[in-house]
file input37.txt (compact mmCIF, C-alpha atoms)
# COMPACT_ATOMS: atom_id res chain seq x y z
CA GLN A 1 143.43 84.22 85.40
CA VAL A 2 145.07 83.87 88.78
CA GLN A 3 148.04 86.14 89.40
CA LEU A 4 150.34 86.29 92.40
CA VAL A 5 152.31 89.47 92.97
CA GLU A 6 155.19 89.62 95.45
CA SER A 7 156.79 92.68 96.95
CA GLY A 8 159.21 93.59 99.71
CA GLY A 9 162.50 92.18 98.50
CA GLY A 10 165.70 94.17 98.52
CA LEU A 11 169.23 94.50 99.82
CA VAL A 12 169.89 94.19 103.54
CA GLN A 13 172.90 93.65 105.75
CA ALA A 14 173.39 90.41 107.63
CA GLY A 15 171.35 90.45 110.82
CA GLY A 16 168.70 92.67 109.29
CA SER A 17 165.05 92.05 108.50
CA LEU A 18 162.74 92.11 105.52
CA ARG A 19 159.05 91.44 105.10
CA LEU A 20 157.77 89.92 101.88
CA SER A 21 154.18 90.26 100.79
CA CYS A 22 152.15 88.32 98.25
CA ALA A 23 148.68 89.07 97.00
CA ALA A 24 146.68 86.84 94.68
CA SER A 25 144.01 88.07 92.31
CA GLY A 26 141.79 86.58 89.66
CA THR A 27 139.86 84.11 91.78
CA ILE A 28 136.88 84.26 94.10
CA PHE A 29 138.07 81.24 96.04
CA SER A 30 140.44 81.18 98.96
CA PHE A 31 143.57 79.12 98.63
CA ASN A 32 143.90 76.50 101.31
CA VAL A 33 147.66 76.37 100.92
CA MET A 34 150.04 79.26 100.40
CA ALA A 35 153.79 79.09 100.61
CA TRP A 36 157.12 80.75 99.98
CA TYR A 37 159.93 79.14 98.03
CA ARG A 38 163.38 80.44 97.17
CA GLN A 39 165.94 79.76 94.51
CA ALA A 40 169.58 80.73 94.73
CA PRO A 41 171.74 80.95 91.58
CA GLY A 42 172.60 77.50 90.28
CA LYS A 43 170.38 75.75 92.80
CA GLN A 44 166.93 74.23 92.77
CA ARG A 45 163.85 75.97 94.07
CA ASP A 46 163.30 74.99 97.71
CA LEU A 47 160.38 75.33 100.08
CA VAL A 48 160.94 77.97 102.76
CA ALA A 49 157.61 78.02 104.58
CA VAL A 50 154.06 76.84 104.04
CA ILE A 51 150.78 77.68 105.74
CA ARG A 52 147.54 75.74 105.40
CA SER A 53 144.07 76.87 106.38
CA GLY A 54 143.40 75.81 109.94
CA GLY A 55 146.85 74.31 110.31
CA MET A 56 150.21 75.13 111.79
CA PRO A 57 152.85 76.61 109.51
CA ASN A 58 155.87 74.56 108.53
CA TYR A 59 159.38 75.81 107.90
CA ALA A 60 162.58 74.63 106.33
CA ASP A 61 165.11 73.78 109.03
CA SER A 62 167.41 76.52 107.78
CA VAL A 63 164.92 79.27 108.59
CA LYS A 64 163.20 77.97 111.73
CA GLY A 65 163.20 80.54 114.49
CA ARG A 66 164.08 83.36 112.09
CA PHE A 67 161.25 83.45 109.52
CA THR A 68 157.51 83.66 110.13
CA ILE A 69 154.82 83.00 107.53
CA SER A 70 151.34 84.41 108.06
CA ARG A 71 148.10 84.95 106.19
CA GLY A 72 146.69 88.42 105.86
CA ASN A 73 143.19 89.58 106.70
CA ALA A 74 142.56 90.17 103.01
CA LYS A 75 141.74 87.01 101.14
CA ASN A 76 144.63 85.25 99.48
CA THR A 77 147.43 87.32 100.96
CA VAL A 78 150.49 85.86 102.61
CA TYR A 79 153.52 87.37 104.26
CA LEU A 80 157.01 86.23 105.14
CA GLN A 81 158.73 88.06 107.98
CA MET A 82 162.44 87.39 107.76
CA ASN A 83 164.65 88.26 110.73
CA SER A 84 168.32 87.68 111.49
CA LEU A 85 169.03 87.38 107.80
CA LYS A 86 172.18 85.63 106.68
CA PRO A 87 174.10 85.86 103.39
CA GLU A 88 172.98 82.31 102.62
CA ASP A 89 169.38 83.55 102.56
CA THR A 90 170.20 85.42 99.35
CA ALA A 91 167.86 84.15 96.63
CA VAL A 92 164.85 84.94 94.52
CA TYR A 93 161.79 84.33 96.68
CA TYR A 94 158.61 83.05 95.06
CA CYS A 95 155.07 83.05 96.36
CA ASN A 96 153.10 79.87 95.71
CA ALA A 97 149.41 79.02 96.02
CA VAL A 98 147.70 75.67 95.56
CA GLY A 99 144.19 75.57 94.18
CA SER A 100 141.35 73.23 95.01
CA ARG A 101 142.37 70.89 92.19
CA TYR A 102 145.99 70.97 93.32
CA GLU A 103 147.01 73.34 90.54
CA ASN A 104 150.05 75.44 91.37
CA TYR A 105 150.27 79.17 90.90
CA TRP A 106 153.51 81.15 91.12
CA GLY A 107 154.47 84.75 91.46
CA GLN A 108 157.19 86.37 89.39
CA GLY A 109 159.68 86.33 92.25
CA THR A 110 161.35 89.02 94.32
CA GLN A 111 165.10 89.28 94.89
CA VAL A 112 166.46 89.20 98.42
CA THR A 113 170.15 89.96 98.81
CA VAL A 114 171.89 89.78 102.18
CA SER A 115 175.34 91.31 102.38
CA SER A 116 177.94 90.17 104.87
call {"tool": "encode", "arguments": {"input": "input37.txt", "output": "structure tokens"}}
result
Amino acid sequence: QVQLVESGGGLVQAGGSLRLSCAASGTIFSFNVMAWYRQAPGKQRDLVAVIRSGGMPNYADSVKGRFTISRGNAKNTVYLQMNSLKPEDTAVYYCNAVGSRYENYWGQGTQVTVSS
């Protein structure tokens, strides 16, 4: 079955940077849509950034100009470069992929903690 595995989370001071990675396995098809979501304690899971095949990426207003989503050269990999991190960026970050029949796949999540 399809599995998404994230890596790259951790603890960083405000103003620092982190790069998250996500690799999908278990399918021979390429996902047209891959995205990053985040969920802070007590809050809902929100979209951070999404990238579609052949399209421009889209970002949440709160991360525009600081975060960059990109697809890797390897099939079904996606990255999230996070710069100028703020304490309010602290959350569990989840990788998401949408299949050809609009089924959603999720990674297990990676913790990002930004200290002030």
call {"tool": "residues_around", "arguments": {"input": "input37.txt", "residues": "Asn83 (chain A)", "least_positions_apart": "2", "cutoff": "10 Å", "atoms": "only C-alpha atoms", "output": "PDB file with C-alpha atoms, in the coordinates of the input"}}
result
ATOM      1  CA  ALA A  14     173.390  90.410 107.630  1.00  0.00           C
ATOM      2  CA  GLY A  15     171.350  90.450 110.820  1.00  0.00           C
ATOM      3  CA  GLY A  16     168.700  92.670 109.290  1.00  0.00           C
ATOM      4  CA  SER A  17     165.050  92.050 108.500  1.00  0.00           C
ATOM      5  CA  LEU A  18     162.740  92.110 105.520  1.00  0.00           C
ATOM      6  CA  ARG A  19     159.050  91.440 105.100  1.00  0.00           C
ATOM      7  CA  VAL A  63     164.920  79.270 108.590  1.00  0.00           C
ATOM      8  CA  GLY A  65     163.200  80.540 114.490  1.00  0.00           C
ATOM      9  CA  ARG A  66     164.080  83.360 112.090  1.00  0.00           C
ATOM     10  CA  PHE A  67     161.250  83.450 109.520  1.00  0.00           C
ATOM     11  CA  THR A  68     157.510  83.660 110.130  1.00  0.00           C
ATOM     12  CA  LEU A  80     157.010  86.230 105.140  1.00  0.00           C
ATOM     13  CA  GLN A  81     158.730  88.060 107.980  1.00  0.00           C
ATOM     14  CA  LEU A  85     169.030  87.380 107.800  1.00  0.00           C
ATOM     15  CA  LYS A  86     172.180  85.630 106.680  1.00  0.00           C
TER      16      LYS A  86
END
call {"tool": "residues_near_point", "arguments": {"input": "input37.txt", "point": "(170.1, 88.3, 98.2)", "cutoff": "9 Å", "atoms": "only C-alpha atoms", "output": "PDB file with C-alpha atoms, in the coordinates of the input"}}
result
ATOM      1  CA  GLY A   9     162.500  92.180  98.500  1.00  0.00           C
ATOM      2  CA  GLY A  10     165.700  94.170  98.520  1.00  0.00           C
ATOM      3  CA  LEU A  11     169.230  94.500  99.820  1.00  0.00           C
ATOM      4  CA  VAL A  12     169.890  94.190 103.540  1.00  0.00           C
ATOM      5  CA  ALA A  40     169.580  80.730  94.730  1.00  0.00           C
ATOM      6  CA  PRO A  87     174.100  85.860 103.390  1.00  0.00           C
ATOM      7  CA  GLU A  88     172.980  82.310 102.620  1.00  0.00           C
ATOM      8  CA  ASP A  89     169.380  83.550 102.560  1.00  0.00           C
ATOM      9  CA  THR A  90     170.200  85.420  99.350  1.00  0.00           C
ATOM     10  CA  ALA A  91     167.860  84.150  96.630  1.00  0.00           C
ATOM     11  CA  VAL A  92     164.850  84.940  94.520  1.00  0.00           C
ATOM     12  CA  GLN A 111     165.100  89.280  94.890  1.00  0.00           C
ATOM     13  CA  VAL A 112     166.460  89.200  98.420  1.00  0.00           C
ATOM     14  CA  THR A 113     170.150  89.960  98.810  1.00  0.00           C
ATOM     15  CA  VAL A 114     171.890  89.780 102.180  1.00  0.00           C
ATOM     16  CA  SER A 115     175.340  91.310 102.380  1.00  0.00           C
TER      17      SER A 115
END
call {"tool": "closest_residue", "arguments": {"input": "input37.txt", "among": "A:Val33, A:Ile28, A:Met82, A:Val2", "to": "Val50 (chain A)", "atoms": "all atoms listed in the file"}}
result
A:Val33
call {"tool": "atom_distance", "arguments": {"input": "input37.txt", "atom1": "CA of Ala60 (chain A)", "atom2": "CA of Gly26 (chain A)"}}
result
29.2 Å
call {"tool": "closest_residue", "arguments": {"input": "input37.txt", "among": "A:Tyr102, A:Tyr79, A:Phe31, A:Tyr93", "to": "Arg52 (chain A)", "atoms": "all atoms listed in the file"}}
result
A:Phe31
call {"tool": "closest_residue", "arguments": {"input": "input37.txt", "among": "A:Asn96, A:Gln39, A:Gln108, A:Ser21", "to": "Ser7 (chain A)", "atoms": "all atoms listed in the file"}}
result
A:Ser21
call {"tool": "closest_residue", "arguments": {"input": "input37.txt", "among": "A:Lys43, A:Trp106, A:Thr77, A:Met34", "to": "Asn58 (chain A)", "atoms": "all atoms listed in the file"}}
result
A:Met34
call {"tool": "atom_distance", "arguments": {"input": "input37.txt", "atom1": "CA of Thr110 (chain A)", "atom2": "CA of Ala74 (chain A)"}}
result
20.7 Å
call {"tool": "atom_distance", "arguments": {"input": "input37.txt", "atom1": "CA of Cys95 (chain A)", "atom2": "CA of Trp36 (chain A)"}}
result
4.8 Å
call {"tool": "closest_residue", "arguments": {"input": "input37.txt", "among": "A:Ala24, A:Ser116, A:Gly109, A:Ser62", "to": "Ala97 (chain A)", "atoms": "all atoms listed in the file"}}
result
A:Ala24
call {"tool": "decode", "arguments": {"input": "input37.txt", "residues": "region 14-36 of chain A", "atoms": "N, CA and C atoms", "output": "compact mmCIF listing (two decimals), in the first residue's frame"}}
result
# COMPACT_ATOMS: atom_id res chain seq x y z
N ALA A 14 13.82 30.84 16.64
CA ALA A 14 13.11 31.78 15.75
C ALA A 14 14.11 32.44 14.81
N GLY A 15 13.70 32.54 13.54
CA GLY A 15 14.58 33.09 12.52
C GLY A 15 15.38 32.04 11.78
N GLY A 16 15.37 30.83 12.28
CA GLY A 16 16.11 29.74 11.67
C GLY A 16 15.37 29.08 10.52
N SER A 17 15.98 28.01 10.00
CA SER A 17 15.43 27.31 8.85
C SER A 17 15.40 25.81 9.09
N LEU A 18 14.47 25.16 8.43
CA LEU A 18 14.39 23.71 8.40
C LEU A 18 13.91 23.30 7.01
N ARG A 19 14.29 22.10 6.62
CA ARG A 19 13.82 21.55 5.35
C ARG A 19 13.18 20.20 5.62
N LEU A 20 11.90 20.10 5.29
CA LEU A 20 11.17 18.85 5.44
C LEU A 20 11.19 18.08 4.13
N SER A 21 11.26 16.77 4.25
CA SER A 21 11.23 15.90 3.08
C SER A 21 10.12 14.88 3.23
N CYS A 22 9.58 14.47 2.11
CA CYS A 22 8.54 13.44 2.11
C CYS A 22 8.75 12.55 0.89
N ALA A 23 8.76 11.27 1.13
CA ALA A 23 8.89 10.31 0.03
C ALA A 23 7.76 9.31 0.11
N ALA A 24 7.13 9.07 -1.02
CA ALA A 24 6.03 8.12 -1.10
C ALA A 24 6.51 6.84 -1.74
N SER A 25 5.99 5.73 -1.25
CA SER A 25 6.31 4.43 -1.84
C SER A 25 5.03 3.62 -1.96
N GLY A 26 5.14 2.52 -2.69
CA GLY A 26 4.00 1.62 -2.79
C GLY A 26 3.09 1.87 -3.98
N THR A 27 3.53 2.72 -4.90
CA THR A 27 2.74 2.97 -6.11
C THR A 27 3.67 3.21 -7.29
N ILE A 28 3.20 2.81 -8.47
CA ILE A 28 4.00 3.05 -9.67
C ILE A 28 3.58 4.35 -10.34
N PHE A 29 2.50 4.94 -9.84
CA PHE A 29 1.98 6.16 -10.44
C PHE A 29 2.53 7.39 -9.74
N SER A 30 2.57 8.48 -10.49
CA SER A 30 3.00 9.74 -9.91
C SER A 30 1.78 10.50 -9.41
N PHE A 31 1.90 11.05 -8.24
CA PHE A 31 0.82 11.87 -7.71
C PHE A 31 0.80 13.22 -8.41
N ASN A 32 -0.37 13.63 -8.83
CA ASN A 32 -0.48 14.95 -9.45
C ASN A 32 -0.45 16.07 -8.43
N VAL A 33 -0.90 15.77 -7.23
CA VAL A 33 -0.97 16.77 -6.17
C VAL A 33 -0.25 16.26 -4.93
N MET A 34 0.67 17.06 -4.44
CA MET A 34 1.31 16.78 -3.16
C MET A 34 1.30 18.06 -2.34
N ALA A 35 1.21 17.90 -1.03
CA ALA A 35 1.03 19.08 -0.19
C ALA A 35 1.61 18.85 1.20
N TRP A 36 1.73 19.94 1.91
CA TRP A 36 2.09 19.91 3.33
C TRP A 36 0.99 20.58 4.13
